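The data block below is model.cif; it holds mmCIF, C-alpha atoms and all ligand atoms.
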data_target
#
loop_
_atom_site.label_atom_id
_atom_site.label_comp_id
_atom_site.auth_asym_id
_atom_site.auth_seq_id
_atom_site.Cartn_x
_atom_site.Cartn_y
_atom_site.Cartn_z
CA MET R 19 -48.04 42.07 17.59
CA PRO R 20 -49.41 38.51 17.31
CA TYR R 21 -47.09 35.52 17.58
CA ALA R 22 -47.02 32.79 14.90
CA HIS R 23 -47.45 29.44 16.65
CA ILE R 24 -46.95 26.00 15.09
CA THR R 25 -50.23 24.44 16.18
CA GLY R 26 -50.58 21.46 13.84
CA TRP R 27 -48.32 19.01 12.03
CA GLY R 28 -48.70 16.01 9.75
CA MET R 29 -46.74 13.88 7.33
CA TYR R 30 -47.42 11.28 4.70
CA VAL R 31 -45.21 9.00 2.63
CA PRO R 32 -46.26 6.62 -0.16
CA GLU R 33 -46.51 2.98 0.88
CA LEU R 34 -44.06 1.66 -1.69
CA VAL R 35 -40.58 1.24 -0.16
CA LEU R 36 -37.38 1.00 -2.21
CA THR R 37 -34.48 -0.45 -0.21
CA ASN R 38 -30.77 -0.19 -1.00
CA GLU R 39 -30.94 -3.87 -1.84
CA ASP R 40 -33.66 -3.15 -4.44
CA LEU R 41 -31.51 -0.36 -5.92
CA SER R 42 -28.52 -2.68 -6.25
CA LYS R 43 -30.61 -4.66 -8.73
CA ILE R 44 -31.15 -1.55 -10.88
CA VAL R 45 -27.71 0.13 -10.81
CA ASP R 46 -24.16 -0.83 -9.87
CA THR R 47 -24.32 -0.02 -6.15
CA ASN R 48 -24.69 -1.80 -2.81
CA ASP R 49 -26.26 -1.34 0.61
CA GLU R 50 -22.92 -0.90 2.38
CA TRP R 51 -21.74 1.93 0.08
CA ILE R 52 -25.04 3.82 0.31
CA ARG R 53 -25.29 3.49 4.10
CA GLU R 54 -21.67 4.49 4.69
CA ARG R 55 -21.70 7.47 2.33
CA THR R 56 -25.21 8.78 2.98
CA GLY R 57 -26.85 7.07 5.99
CA ILE R 58 -29.82 6.05 3.82
CA ARG R 59 -31.30 2.52 4.09
CA GLU R 60 -34.55 2.95 2.19
CA ARG R 61 -36.88 5.54 0.68
CA HIS R 62 -40.57 5.74 -0.26
CA ILE R 63 -41.63 6.04 -3.88
CA ALA R 64 -44.93 7.38 -5.23
CA ARG R 65 -47.03 5.06 -7.35
CA GLU R 66 -48.31 6.20 -10.75
CA ASN R 67 -51.53 7.59 -9.27
CA GLU R 68 -49.79 9.52 -6.46
CA TYR R 69 -48.79 13.16 -6.97
CA PRO R 70 -47.38 15.93 -4.75
CA SER R 71 -50.96 17.04 -4.04
CA THR R 72 -52.05 13.51 -3.08
CA LEU R 73 -49.32 13.31 -0.44
CA ALA R 74 -49.82 16.92 0.66
CA VAL R 75 -53.57 16.55 1.18
CA ARG R 76 -53.02 13.64 3.55
CA ALA R 77 -50.25 15.42 5.46
CA GLY R 78 -52.25 18.66 5.52
CA LEU R 79 -55.44 17.11 6.86
CA LYS R 80 -53.47 15.44 9.67
CA ALA R 81 -51.97 18.84 10.53
CA LEU R 82 -55.44 20.42 10.59
CA ASP R 83 -56.65 17.55 12.79
CA ILE R 84 -53.97 18.28 15.39
CA ALA R 85 -54.58 22.02 15.22
CA ASN R 86 -58.34 21.30 15.43
CA LEU R 87 -58.92 23.74 12.60
CA ARG R 88 -61.45 23.52 9.78
CA PRO R 89 -60.03 23.79 6.24
CA THR R 90 -62.48 26.65 5.71
CA GLU R 91 -60.70 28.62 8.44
CA LEU R 92 -57.39 28.68 6.55
CA ASP R 93 -56.39 32.07 5.12
CA LEU R 94 -53.44 30.85 3.04
CA ILE R 95 -51.72 27.71 1.77
CA ILE R 96 -48.02 27.96 0.95
CA CYS R 97 -46.74 24.90 -0.86
CA ALA R 98 -42.96 24.61 -1.02
CA THR R 99 -42.01 22.08 -3.66
CA SER R 100 -39.13 21.29 -6.01
CA THR R 101 -41.35 18.95 -8.03
CA PRO R 102 -44.58 20.88 -8.67
CA GLU R 103 -47.40 18.92 -10.24
CA TYR R 104 -47.52 21.43 -13.13
CA LEU R 105 -45.72 24.68 -13.92
CA LEU R 106 -49.30 26.00 -14.01
CA PRO R 107 -51.59 25.71 -11.99
CA SER R 108 -49.80 25.76 -8.66
CA THR R 109 -49.80 22.59 -6.59
CA ALA R 110 -51.07 24.76 -3.72
CA SER R 111 -54.29 25.54 -5.61
CA ILE R 112 -54.90 21.84 -6.24
CA ILE R 113 -54.41 21.16 -2.52
CA GLN R 114 -56.68 24.10 -1.63
CA ASP R 115 -59.49 22.63 -3.74
CA GLN R 116 -59.01 19.08 -2.47
CA ILE R 117 -59.04 19.90 1.22
CA GLY R 118 -61.89 22.40 0.82
CA ALA R 119 -59.97 25.47 2.02
CA THR R 120 -62.59 27.69 0.41
CA LYS R 121 -61.36 31.01 1.79
CA ALA R 122 -57.62 30.42 1.41
CA GLY R 123 -55.23 31.99 -1.06
CA ALA R 124 -52.69 29.51 -2.39
CA PHE R 125 -49.32 29.63 -4.09
CA ASP R 126 -46.21 27.53 -4.68
CA LEU R 127 -42.80 28.55 -3.46
CA LEU R 128 -39.58 27.40 -5.10
CA ALA R 129 -36.42 27.58 -3.04
CA ALA R 130 -35.40 23.94 -3.57
CA CYS R 131 -34.78 21.99 -0.37
CA THR R 132 -34.72 25.22 1.69
CA GLY R 133 -38.32 25.87 0.57
CA PHE R 134 -40.00 24.81 3.79
CA ILE R 135 -37.91 27.21 5.88
CA TYR R 136 -38.63 30.06 3.42
CA GLY R 137 -42.35 29.16 3.50
CA LEU R 138 -42.56 28.95 7.27
CA ASN R 139 -40.80 32.29 7.62
CA MET R 140 -43.14 33.86 5.06
CA GLY R 141 -46.21 32.44 6.81
CA ALA R 142 -44.97 33.71 10.16
CA GLN R 143 -44.50 37.20 8.68
CA PHE R 144 -48.11 37.31 7.41
CA ILE R 145 -49.27 36.41 10.92
CA ARG R 146 -46.95 38.82 12.73
CA SER R 147 -48.07 41.69 10.51
CA GLY R 148 -51.63 40.99 11.65
CA SER R 149 -52.94 40.44 8.13
CA LEU R 150 -53.62 36.66 8.36
CA LYS R 151 -54.50 34.29 11.19
CA ASN R 152 -54.36 30.67 9.98
CA ILE R 153 -51.81 29.42 7.46
CA MET R 154 -50.79 26.01 6.22
CA VAL R 155 -47.20 25.52 5.06
CA ILE R 156 -46.53 22.31 3.16
CA GLY R 157 -43.43 20.67 1.74
CA THR R 158 -44.33 17.95 -0.75
CA GLU R 159 -42.33 16.03 -3.33
CA THR R 160 -42.35 13.24 -5.85
CA LEU R 161 -38.67 13.49 -6.71
CA SER R 162 -38.71 9.92 -7.98
CA ARG R 163 -40.36 11.23 -11.19
CA PHE R 164 -37.22 13.26 -12.00
CA ILE R 165 -34.58 10.71 -11.18
CA ASN R 166 -32.46 9.07 -13.81
CA TRP R 167 -32.63 5.50 -12.56
CA LYS R 168 -29.45 4.72 -14.51
CA ASP R 169 -27.41 7.33 -12.60
CA ARG R 170 -26.13 5.76 -9.39
CA THR R 171 -24.74 9.03 -8.08
CA THR R 172 -28.23 10.57 -7.75
CA CYS R 173 -30.85 7.80 -7.74
CA ILE R 174 -29.73 6.50 -4.35
CA LEU R 175 -30.32 9.81 -2.59
CA PHE R 176 -33.90 10.89 -3.08
CA GLY R 177 -37.34 9.81 -1.88
CA ASP R 178 -40.96 10.99 -1.95
CA GLY R 179 -43.10 12.38 0.88
CA ALA R 180 -44.91 15.35 2.36
CA GLY R 181 -44.93 17.26 5.63
CA ALA R 182 -47.21 20.08 6.75
CA PHE R 183 -47.39 22.63 9.58
CA VAL R 184 -50.31 24.81 10.58
CA LEU R 185 -49.35 28.29 11.76
CA GLN R 186 -51.82 30.24 13.90
CA ALA R 187 -51.89 33.70 15.40
CA SER R 188 -51.98 34.07 19.18
CA ASP R 189 -51.18 36.81 21.66
CA GLU R 190 -49.36 34.25 23.87
CA PRO R 191 -45.57 34.44 23.37
CA GLY R 192 -43.98 31.52 21.47
CA GLY R 193 -43.85 30.07 18.00
CA VAL R 194 -41.53 31.24 15.22
CA VAL R 195 -38.91 33.61 16.64
CA SER R 196 -36.36 34.33 13.91
CA ALA R 197 -35.26 33.22 10.46
CA VAL R 198 -32.52 33.82 7.93
CA MET R 199 -32.78 33.16 4.19
CA HIS R 200 -29.85 33.13 1.75
CA SER R 201 -29.15 32.47 -1.90
CA ASP R 202 -26.07 32.28 -4.14
CA GLY R 203 -27.12 31.89 -7.75
CA SER R 204 -23.50 31.66 -8.87
CA GLY R 205 -23.80 28.01 -7.82
CA ALA R 206 -27.01 27.44 -9.81
CA ASN R 207 -25.35 24.83 -12.01
CA LEU R 208 -24.40 22.58 -9.09
CA LEU R 209 -27.86 21.12 -8.59
CA THR R 210 -30.40 21.41 -11.37
CA LEU R 211 -33.62 19.94 -12.65
CA PRO R 212 -33.71 21.19 -16.25
CA VAL R 213 -37.47 21.24 -16.80
CA GLY R 214 -38.93 24.62 -17.77
CA SER R 215 -39.12 27.32 -20.41
CA ARG R 216 -35.37 27.26 -21.02
CA PHE R 217 -35.47 23.53 -21.66
CA PRO R 218 -38.74 22.62 -23.32
CA ALA R 219 -39.00 18.89 -23.89
CA THR R 220 -38.06 17.77 -27.39
CA GLU R 221 -37.75 14.29 -28.80
CA GLU R 222 -33.99 14.64 -28.56
CA SER R 223 -33.90 16.03 -25.01
CA VAL R 224 -36.09 13.21 -23.76
CA ARG R 225 -34.02 10.59 -25.60
CA ASN R 226 -30.85 12.03 -24.02
CA ASN R 227 -32.27 11.98 -20.46
CA LYS R 228 -32.08 15.77 -20.20
CA HIS R 229 -35.00 16.29 -17.80
CA PHE R 230 -33.62 14.60 -14.72
CA ILE R 231 -31.90 15.86 -11.57
CA GLU R 232 -28.23 16.65 -12.21
CA MET R 233 -25.81 17.31 -9.41
CA ASP R 234 -22.17 17.92 -8.58
CA GLY R 235 -22.28 15.88 -5.37
CA LYS R 236 -18.88 16.86 -4.04
CA GLU R 237 -19.42 20.62 -4.50
CA VAL R 238 -22.90 20.46 -2.97
CA PHE R 239 -21.47 18.51 -0.05
CA ARG R 240 -18.80 21.15 0.58
CA PHE R 241 -21.31 24.00 0.33
CA ALA R 242 -23.77 22.26 2.65
CA THR R 243 -21.32 21.60 5.46
CA ARG R 244 -20.26 25.25 5.40
CA VAL R 245 -23.68 26.90 5.38
CA MET R 246 -25.45 24.67 7.93
CA VAL R 247 -23.25 25.98 10.75
CA GLN R 248 -23.32 29.57 9.49
CA ALA R 249 -27.12 29.72 9.09
CA THR R 250 -27.78 28.08 12.46
CA ASN R 251 -25.57 30.62 14.23
CA GLU R 252 -27.17 33.53 12.38
CA ALA R 253 -30.72 32.46 13.24
CA LEU R 254 -29.74 31.91 16.88
CA LYS R 255 -28.17 35.37 17.06
CA ALA R 256 -31.29 36.94 15.55
CA ALA R 257 -33.39 35.18 18.20
CA GLY R 258 -31.08 36.28 21.01
CA TRP R 259 -30.50 32.61 21.85
CA THR R 260 -27.38 30.50 22.19
CA LEU R 261 -27.05 26.80 21.34
CA GLU R 262 -27.38 26.01 25.05
CA ASP R 263 -30.95 27.33 24.94
CA VAL R 264 -31.90 24.91 22.15
CA GLN R 265 -33.21 21.37 22.73
CA TRP R 266 -33.32 20.20 19.10
CA VAL R 267 -31.79 20.98 15.73
CA ILE R 268 -33.89 19.72 12.83
CA PRO R 269 -31.66 19.66 9.75
CA HIS R 270 -32.53 19.04 6.12
CA GLN R 271 -32.04 15.30 5.65
CA ALA R 272 -29.71 15.11 2.63
CA ASN R 273 -26.79 13.08 3.91
CA LEU R 274 -25.96 11.83 7.41
CA ARG R 275 -22.34 12.86 6.90
CA ILE R 276 -23.45 16.46 6.22
CA ILE R 277 -25.47 16.46 9.46
CA ASP R 278 -22.55 14.92 11.32
CA SER R 279 -20.21 17.59 9.99
CA ALA R 280 -22.68 20.33 11.05
CA ALA R 281 -22.85 18.79 14.53
CA ARG R 282 -19.08 18.88 14.80
CA GLY R 283 -18.99 22.45 13.45
CA LEU R 284 -21.50 23.54 16.07
CA LYS R 285 -19.80 21.43 18.77
CA LEU R 286 -23.14 19.80 19.51
CA PRO R 287 -23.64 16.05 20.06
CA LEU R 288 -25.39 14.29 17.17
CA GLU R 289 -28.07 13.20 19.68
CA ARG R 290 -29.42 16.78 19.67
CA PHE R 291 -30.20 16.48 15.94
CA ILE R 292 -33.45 14.95 14.70
CA ILE R 293 -32.48 12.37 12.09
CA ASN R 294 -34.69 10.09 10.01
CA ILE R 295 -32.79 10.05 6.70
CA ASP R 296 -32.23 6.28 7.04
CA ARG R 297 -35.91 5.59 6.28
CA TYR R 298 -36.80 8.32 3.79
CA GLY R 299 -33.68 9.57 1.99
CA ASN R 300 -33.67 13.18 0.84
CA THR R 301 -37.28 14.32 0.39
CA SER R 302 -36.30 17.95 -0.37
CA THR R 303 -38.88 20.41 1.02
CA ALA R 304 -40.65 17.64 2.94
CA SER R 305 -37.61 16.46 4.89
CA ILE R 306 -37.62 19.04 7.70
CA PRO R 307 -41.36 18.89 8.52
CA MET R 308 -41.31 15.08 8.26
CA ALA R 309 -38.43 14.88 10.74
CA ALA R 310 -40.22 17.31 13.06
CA VAL R 311 -43.50 15.38 12.91
CA GLU R 312 -41.80 12.09 13.81
CA ALA R 313 -39.92 13.75 16.66
CA VAL R 314 -43.11 15.19 18.12
CA GLU R 315 -44.94 11.88 17.71
CA ASN R 316 -42.19 9.89 19.46
CA GLY R 317 -42.12 12.39 22.33
CA SER R 318 -38.70 13.90 21.60
CA ILE R 319 -39.98 17.42 20.89
CA LYS R 320 -42.22 18.69 23.69
CA PRO R 321 -44.18 21.90 24.25
CA GLY R 322 -41.80 24.61 25.42
CA ASP R 323 -38.81 23.17 23.55
CA LYS R 324 -36.70 25.59 21.57
CA ILE R 325 -35.80 24.29 18.12
CA VAL R 326 -33.73 25.30 15.11
CA LEU R 327 -34.64 24.22 11.58
CA VAL R 328 -31.75 24.45 9.13
CA GLY R 329 -31.59 23.57 5.45
CA PHE R 330 -29.85 24.06 2.11
CA GLY R 331 -30.44 23.14 -1.49
CA GLY R 332 -30.33 24.02 -5.16
CA GLY R 333 -30.23 27.64 -6.17
CA LEU R 334 -28.04 27.62 -4.21
CA THR R 335 -30.24 28.44 -1.24
CA TRP R 336 -29.91 27.99 2.49
CA GLY R 337 -31.54 29.20 5.67
CA ALA R 338 -32.47 28.55 9.27
CA LEU R 339 -35.39 29.31 11.54
CA THR R 340 -35.81 29.27 15.30
CA ALA R 341 -39.07 28.50 17.05
CA GLU R 342 -40.49 27.68 20.44
CA TRP R 343 -42.66 24.59 20.11
CA THR R 344 -46.10 25.11 21.58
CA GLY R 345 -48.70 22.79 20.05
CA PRO R 346 -52.43 23.27 19.51
CA LEU R 347 -54.07 26.43 20.83
CA PRO R 348 -56.36 25.94 23.87
CA ASP R 349 -59.22 23.53 23.30
CA ARG R 350 -62.47 24.23 21.60
CA ARG R 351 -65.02 21.63 20.44
CA PRO R 352 -63.48 19.09 17.99
CA VAL R 353 -64.04 20.23 14.40
CA HIS R 354 -63.00 16.98 12.56
CA PRO R 355 -61.31 18.54 9.51
CA GLN R 356 -61.04 15.11 7.76
CA ARG R 357 -64.83 15.13 7.30
CA TYR R 358 -64.50 18.12 5.00
CA ARG R 359 -62.72 16.06 2.36
CA THR R 360 -65.85 14.48 0.88
CA LEU R 361 -67.60 17.82 1.08
CA ALA R 362 -64.64 19.40 -0.75
CA ARG R 363 -64.91 16.81 -3.55
CA VAL R 364 -68.63 17.45 -3.99
CA ARG R 365 -68.04 21.20 -3.95
CA SER R 366 -65.29 20.91 -6.57
CA ILE R 367 -67.50 18.87 -8.93
CA PHE R 368 -70.40 21.27 -8.34
CA ARG R 369 -68.25 24.32 -9.17
CA ARG R 370 -67.01 22.69 -12.38
CA LEU R 371 -70.58 21.90 -13.37
CA LEU R 372 -71.64 25.47 -12.60
CA ARG R 373 -68.82 26.83 -14.75
CA PHE R 374 -69.91 24.53 -17.60
CA ILE R 375 -73.54 25.68 -17.36
CA GLU R 376 -72.48 29.35 -17.15
CA GLY R 377 -70.44 28.74 -20.30
CA ILE R 378 -73.52 27.55 -22.18
CA PHE R 379 -75.76 30.46 -21.11
CA PHE R 380 -73.31 33.35 -21.29
CA ARG R 381 -71.17 32.31 -24.24
CA ARG R 382 -72.82 34.77 -26.66
CA GLU R 383 -72.32 37.79 -24.38
CA LEU R 384 -68.57 37.20 -23.99
C1 LIG R 401 -23.38 12.05 -3.75
C2 LIG R 401 -22.47 11.65 -2.60
C3 LIG R 401 -23.19 10.70 -1.66
C4 LIG R 401 -21.24 10.96 -3.14
O1 LIG R 401 -20.39 10.60 -2.07
P1 LIG R 401 -18.82 10.80 -2.20
O2 LIG R 401 -18.24 10.32 -0.94
O3 LIG R 401 -18.57 12.24 -2.58
O4 LIG R 401 -18.48 9.81 -3.36
P2 LIG R 401 -17.68 10.11 -4.71
O5 LIG R 401 -18.55 10.89 -5.65
O6 LIG R 401 -16.32 10.66 -4.36
O7 LIG R 401 -17.50 8.66 -5.26
C5 LIG R 401 -16.59 7.74 -4.66
C6 LIG R 401 -16.57 6.50 -5.50
O8 LIG R 401 -17.82 5.81 -5.36
C7 LIG R 401 -18.41 5.59 -6.64
N1 LIG R 401 -19.86 5.71 -6.52
C8 LIG R 401 -20.64 6.80 -6.73
N2 LIG R 401 -21.92 6.50 -6.49
C9 LIG R 401 -21.95 5.21 -6.11
C10 LIG R 401 -22.97 4.34 -5.73
N3 LIG R 401 -24.26 4.72 -5.69
N4 LIG R 401 -22.65 3.07 -5.39
C11 LIG R 401 -21.38 2.63 -5.42
N5 LIG R 401 -20.35 3.44 -5.77
C12 LIG R 401 -20.63 4.70 -6.11
C13 LIG R 401 -17.82 6.67 -7.53
O9 LIG R 401 -17.85 6.27 -8.88
C14 LIG R 401 -16.42 6.76 -6.99
O10 LIG R 401 -15.66 5.70 -7.52
P3 LIG R 401 -14.11 5.90 -7.94
O11 LIG R 401 -13.44 6.28 -6.66
O12 LIG R 401 -13.74 4.59 -8.45
O13 LIG R 401 -14.12 7.00 -8.95
C15 LIG R 401 -22.03 12.91 -1.79
O14 LIG R 401 -21.15 13.68 -2.59
C16 LIG R 401 -23.18 13.79 -1.38
O15 LIG R 401 -24.01 13.39 -0.61
N6 LIG R 401 -23.21 15.06 -1.83
C17 LIG R 401 -24.26 15.96 -1.48
C18 LIG R 401 -25.46 15.68 -2.31
C19 LIG R 401 -26.71 16.31 -1.76
O16 LIG R 401 -26.91 16.38 -0.58
N7 LIG R 401 -27.59 16.75 -2.66
C20 LIG R 401 -28.85 17.29 -2.33
C21 LIG R 401 -28.74 18.65 -1.79
S1 LIG R 401 -30.29 19.24 -1.27
#
As structure tokens, how would this structure be written, given the file I've shared?
Ligand SMILES: CC(C)(COP(=O)(O)OP(=O)(O)OC[C@H]1O[C@@H](n2cnc3c(N)ncnc32)[C@H](O)[C@@H]1OP(=O)(O)O)[C@@H](O)C(=O)NCCC(=O)NCCS
Amino acid sequence: MPYAHITGWGMYVPELVLTNEDLSKIVDTNDEWIRERTGIRERHIARENEYPSTLAVRAGLKALDIANLRPTELDLIICATSTPEYLLPSTASIIQDQIGATKAGAFDLLAACTGFIYGLNMGAQFIRSGSLKNIMVIGTETLSRFINWKDRTTCILFGDGAGAFVLQASDEPGGVVSAVMHSDGSGANLLTLPVGSRFPATEESVRNNKHFIEMDGKEVFRFATRVMVQATNEALKAAGWTLEDVQWVIPHQANLRIIDSAARGLKLPLERFIINIDRYGNTSTASIPMAAVEAVENGSIKPGDKIVLVGFGGGLTWGALTAEWTGPLPDRRPVHPQRYRTLARVRSIFRRLLRFIEGIFFRREL
């Protein structure tokens, strides 16, 4: 049975930074309150011409670069997102076209902030079953589009960004070892983004700010502190590991106090947790891969390290995944995946043109 190795990683955040100080000019809040209650100092915000796919393409190409894999070698793109570009088509298909992953299937996965863990587990299963070899899992968000900038209880928390992993099959032991996924829909009302077929936009709904993130912060906080410890222990047990075996825990970055509480619950020093919430806020599905990418880049996570990813979010959903960090598969000649981007653009335009011409010639037969 092949193993599913994490062989590439990349992240991207929009350039525009919104500090706590900036927020205090928009709503009644202040830097001290936000830092004390959440650990957040600043977050990145997408500009008008930046979308989940824009961020994901950049993160994804970096991940392919590290894995030294051509986009055309990808079998599947799983895009976990809480803020899809459209309800239809999937953000994953837009990414697939833009990076030129011509042979890849593509779909979006919605499990709120736990989405990246669900996606990584799903990708690993495709590889372990022997049916696919190269998979990209992406978490990408522009949450800023769904924030009510008049609501100080939510607008301080979220930020935009993307993180991507490449999963590859190998007979060498390592990679994703175990995962647990959970859901409790009885808590669906605690964290919602009412955009969809139940809440089509009307003049009135838009006027009344009905299509923004709504949250019961206290309840979500309580739920999160409980499930982080539980899910971590379950995933460790499934892997046959104990906490002593693990070098790093990479938690969903929602609130520093939630991470701190999980650390105390697990009786693990906070230093063993990868934390970057201060600079990005809560980027939902992107938060775990973004934290992992930074930790690899600054030398914290090294090949051979055992890690646990753990997250929670709307749904309610929660889960954890264990993996042994390996890095790129043994060298082959550099394939420069970034070069495929221009080619992908040309191909996309060409295919549209072809479809248009086909339409003219075959219209009568249809
Ligand atoms: C949202 C959250 C930071 C609020 O922190 P809290 O410690 O529970 O704060 P409270 O809601 O009890 O508010 C305390 C006080 O601060 C005020 N307050 C709320 N937001 C504020 C802000 N941005 N700035 C200043 N004051 C604020 C409240 O009005 C309240 O004032 P009061 O005591 O006069 O009524 C916290 O509940 C949280 O992080 N929850 C989890 C949310 C989450 O992670 N969601 C995503 C899941 S993926």
Which residues form the shell of 6 Å around ligand LIG 401 (chain R) when you count only C-alpha atoms and all ligand atoms, given as a list in words?
Thr47, Asn48, Trp51, Arg55, Thr56, Cys131, Arg170, Thr171, Ile174, Gly235, Lys236, Val238, Phe239, Ala272, Asn273, Phe330 and Gly331 of chain R
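In terms of minimum interatomic distance to R:Thr160, R:Thr303 ranks closest within R:Thr210, R:Thr303, R:Thr340, R:Ser42, counting all atoms listed in the file.
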Would you mind reading off the distance between atom CA of R:Asp126 and atom CA of R:Ile156, one decimal, in Å?
9.4 Å
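Computed from the coordinates, the atom CA of R:Thr335 to atom CA of R:Thr132 distance equals 6.2 Å.
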Compare R:Gly141, R:Pro348, R:Gly332, R:Gly337 by their minimum atom-to-atom distance to R:Thr250, counting only C-alpha atoms, and give me the closest one.
R:Gly337
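Using all atoms listed in the file, the nearest neighbour of R:Leu361 within the list R:Ser302, R:Asn38, R:Asn152, R:Gln116 is R:Gln116.
Among the candidate residues R:Leu94, R:Leu161, R:Leu106, R:Val326, the one lying nearest to R:Val247 is R:Val326, with distances computed using all atoms listed in the file.
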Taking (-52.8, 23.9, -4.2) in the file's own coordinates, collect the residues within 12 Å, counting all atoms listed in the file, and hand them back as an MDAnalysis selection string.
chainID R and resid 69:75 78 94:99 102:104 106:120 122:127 154:158
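Atom CA of R:Ala130 is found 13.2 Å from atom CA of R:Asn207.
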R:Ala180, R:Gln143, R:Asp93, R:Arg365 ranked by distance to R:Pro32, top pick (using only C-alpha atoms):
R:Ala180
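For the residues R:Ile293, R:Ala77, R:Leu92, R:Leu371, ranking by smallest atom-to-atom distance to R:Glu159 using all atoms listed in the file places R:Ala77 first.
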Leaving out R:Val267 and any residue of its chain fewer than 3 positions from it, which residues lie within 7 Å of it when counting only C-alpha atoms, given as a ChimeraX atom specification?
/R:290-292,325-327
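Residues in contact with R:Pro20 at 8 Å, where all atoms listed in the file are counted and same-chain residues fewer than 5 positions away are skipped, are listed as Ile145, Arg146, Ser147, Gly148, Ala187, Ser188, Asp189 and Glu190 of chain R.
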Contacts of R:Asp83 at 8 Å (all atoms listed in the file; same-chain gap of 3+ positions) as number ranges by chain
R: 26, 79-80, 86-87, 354-356
Neighbours of point (-29.9, 4.0, 6.1) within 7 Å, using only C-alpha atoms, written as JSON, numbers by chain
{"R": [53, 57, 58, 59, 60, 295, 296, 297]}
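Counting all atoms listed in the file, R:Pro321 has the following residues at most 8 Å away, ignoring those fewer than 3 positions along the same chain: Glu342, Trp343, Thr344 and Gly345 of chain R.
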Can you spit out the residues from that selection as an mmCIF file, keeping the file's coordinate frame, using C-alpha atoms?
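Listed below is the output, out-v4.cif:
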data_model
loop_
_atom_site.group_PDB
_atom_site.id
_atom_site.type_symbol
_atom_site.label_atom_id
_atom_site.label_comp_id
_atom_site.auth_asym_id
_atom_site.auth_seq_id
_atom_site.Cartn_x
_atom_site.Cartn_y
_atom_site.Cartn_z
ATOM 1 C CA GLU R 342 -40.490 27.680 20.440
ATOM 2 C CA TRP R 343 -42.660 24.590 20.110
ATOM 3 C CA THR R 344 -46.100 25.110 21.580
ATOM 4 C CA GLY R 345 -48.700 22.790 20.050
#
Residue neighbourhood stretch 195-198 of chain R, 6 Å, only C-alpha atoms, exclusion window fewer than 2 positions, as a list in words:
Ala253, Ala256, Ala257, Gly337, Ala338, Leu339, Thr340 and Ala341 of chain R
Model the absent atoms of stretch 160-171 of chain R so that N, CA and C atoms are present, and write the result as an mmCIF file, keeping the file's coordinate frame.
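Output saved as result.cif:
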data_model
loop_
_atom_site.group_PDB
_atom_site.id
_atom_site.type_symbol
_atom_site.label_atom_id
_atom_site.label_comp_id
_atom_site.auth_asym_id
_atom_site.auth_seq_id
_atom_site.Cartn_x
_atom_site.Cartn_y
_atom_site.Cartn_z
ATOM 1 N N THR R 160 -42.512 14.555 -5.209
ATOM 2 C CA THR R 160 -42.350 13.240 -5.850
ATOM 3 C C THR R 160 -41.084 13.331 -6.711
ATOM 4 N N LEU R 161 -39.967 13.378 -6.029
ATOM 5 C CA LEU R 161 -38.670 13.490 -6.710
ATOM 6 C C LEU R 161 -38.381 12.287 -7.595
ATOM 7 N N SER R 162 -38.994 11.152 -7.232
ATOM 8 C CA SER R 162 -38.710 9.920 -7.980
ATOM 9 C C SER R 162 -39.057 10.070 -9.465
ATOM 10 N N ARG R 163 -39.958 11.017 -9.781
ATOM 11 C CA ARG R 163 -40.360 11.230 -11.190
ATOM 12 C C ARG R 163 -39.237 11.895 -11.996
ATOM 13 N N PHE R 164 -38.277 12.507 -11.297
ATOM 14 C CA PHE R 164 -37.220 13.260 -12.000
ATOM 15 C C PHE R 164 -35.844 12.647 -11.761
ATOM 16 N N ILE R 165 -35.847 11.388 -11.434
ATOM 17 C CA ILE R 165 -34.580 10.710 -11.180
ATOM 18 C C ILE R 165 -34.219 9.840 -12.390
ATOM 19 N N ASN R 166 -32.963 9.956 -12.774
ATOM 20 C CA ASN R 166 -32.460 9.070 -13.810
ATOM 21 C C ASN R 166 -32.043 7.769 -13.120
ATOM 22 N N TRP R 167 -32.856 6.749 -13.287
ATOM 23 C CA TRP R 167 -32.630 5.500 -12.560
ATOM 24 C C TRP R 167 -31.419 4.734 -13.076
ATOM 25 N N LYS R 168 -30.705 5.350 -14.052
ATOM 26 C CA LYS R 168 -29.450 4.720 -14.510
ATOM 27 C C LYS R 168 -28.243 5.433 -13.888
ATOM 28 N N ASP R 169 -28.501 6.537 -13.167
ATOM 29 C CA ASP R 169 -27.410 7.330 -12.600
ATOM 30 C C ASP R 169 -27.259 7.013 -11.107
ATOM 31 N N ARG R 170 -26.264 6.215 -10.786
ATOM 32 C CA ARG R 170 -26.130 5.760 -9.390
ATOM 33 C C ARG R 170 -25.705 6.865 -8.435
ATOM 34 N N THR R 171 -25.179 7.967 -8.984
ATOM 35 C CA THR R 171 -24.740 9.030 -8.080
ATOM 36 C C THR R 171 -25.919 9.871 -7.557
#
